[in-house]
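**Q** Shown below is the structure under consideration.
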Amino acid sequence: MGRWPGSNLYYEVKVLSYDNKTRLYTVIYKDGTELELKESDITSLTIFKQGVSRSRSRSRSRSPGRPRRSRSRSPARTSRQSSSRTTDVRKEKLKEALEVRLTPVPVTHENNSNSKHEKKEENNTANTASTITEEKTETESENQAGGRYNLRRRKDQGDGKTVELEQKTETETLPQTKPPTASAIKTTDLEFGGRVGVFFLMFLLPVAVLALLILGGQKDASLQSFPLELPALQSLWDCQVFGIVLLWLLFQAVLSLLPVGKEGDLSYIHAHFLQFYTSALLIVTLLSIYLFIRSRWASEDELAPGGNSGYIIYDFFMGRELNPRIKNFDIKFFCEMRPGLMGWVLINFAMLQAEMKHQNLENPSPAMLLVNIFQLLWVVDGFWHEEKLLTMMDIVYDGFGFMLTFGDLAFVPFTFTCQAYYLVSHPNELSAFWIITLITMNGVGYYIFRKANSQKFAFRKNPSDPAVSHLKTIPTATGESLIVSGLWGWVRHPNYLGDIIMGLAWSLPCGFNHLIPYFYLIYLITLLVHRNARDEHQCRKKYGSAWDEYCKAVPYRIFPGIY
């Protein structure tokens, strides 16, 4: 019996092989899906059924009003049949050729409480729990049982609702095998070009953002005018600016209200923009080192699926720990939402004020106003639908390492503001036609983005919801369904399409004189194409043949008729 990843559903599987190095079993499901499972996620069919049967019989015979006394066994007494019953479970798993069926056998608890139906992953990975269904096997031999099993809840990262079997052997005659440790679980699918790719990305990304800021601050923002000499140290570093960045992070961490006091000149941010960036970069580096060091003591359940390859540079970049916490303070969730997004809005306001100062304007230009309003709408939407962040791949799959730390604290606030930063030194007049066109474009993009995400979130929460129950779907072996009508029947990722349309509406107010304002749009398309490839890979592994059927029904990924 193998537990389906991301859920507490157990299915009958056939064990193909076992890797002594990684301690992973390769199993095959009925629909042809092959997966690698940990030893804790796989158990003998016979032992599983006996454990479930005993759990149900104990639950039925126990009266809520009369506690049942358990019959304890003296430590000196051993079972006469224990030696004959104890076998090597690992060998049994490999030798048994089980008939592959797909009847889900989720585990029940002794209190017979019904599990709640949950779905918590943006890449369509669901965590579901249901009541037990019994099924008789053709042959059950008592001497196949390796011990007595009890059922208990296990703490999980995103949902806390998965169940595992805990073996309690009364008498053990064979040498015990050590349970898999954190270092034994290896990430095999390396992203971003593996070790070499992330090594260059760790240096390329910070330098690319620095070059973007240097070009955006010049009067001539063309690539040909890029200065060959390095910037002066005083233009990159200032202790006071570093202190301001630290205070901003601390201010956000304690969730305080906006400070009340004298009105400050936000144009200070524009004048020291490079210093703010280098300060943020230093904090990112220090935080990433701290996260990597503390992850060495993280338990197996706290590790991210994609950040434990055993390669130091790769794991440092991807992040080993899924959701690092200091007591109840979730570091990753905080960084994903608070300092970066709020900093983005604050910097945009600072650039608006700096434009009025540098261009001697009484009011902000229409281009600057459109950029600020469009991006403020996106950030406000993110906070309004904050609970949906918990379904995103960043939260449920990616570890918190240099990649996300740099993205949250440096890349977002200093590159997503490139349009507003550019307009301070490069004003661009907009006609009424362009203003109406841009507002319409951003409105269409936002509608597609929000409608698609809301539809998906509502369907995951309750497929019977009248708002989504009319949608056509394709059932899968996991018990979930794939939407093939409405926006999700148009392209596979309509939310990505809406994002790209909005990104274009944010860049066009800057005109066509330079490429700098379109850096965000280029980055966004590159990121979404990468995410699409990653989603395709994960969904094909998860849904098997159902995913191939879905791809035939919805052939285009992001752009209708193109890609």
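We label chains A, B, ... in the order they appear in the structure tokens, count residues from 1 in each chain, and number ligands from 1 in the order shown.
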Which residues come within 9 Å of range 283-285 of chain A, counting only C-alpha atoms, excluding same-chain residues fewer than 2 positions away, as a PyMOL selection string?
**A** chain A and resi 242+245-246+278-281+287-290+402+405-406+409-410
**Q** Counting only C-alpha atoms, what is within 12 Å of Glu362 in chain A, bar same-chain residues fewer than 6 positions away, as a list in words?
**A** Leu352, Gln353, Ala354, Glu355 and Met356 of chain A
**Q** Check the smallest atom-to-atom distance from each of A:Val484, A:Met392, A:Met1, A:Ile435 to Tyr556 in chain A using only C-alpha atoms, then report the winner.
**A** A:Val484
**Q** Which distance in Å separates CA of Leu361 in chain A and CA of Phe374 in chain A, to one decimal?
**A**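 Rounded to one decimal, the two atoms are 21.2 Å apart.
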**Q** Can you work out the spacing between CA of Trp488 in chain A and CA of Lys30 in chain A in Å, to one decimal?
**A**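 Spanning CA of Trp488 in chain A to CA of Lys30 in chain A is a straight-line distance of 27.1 Å.
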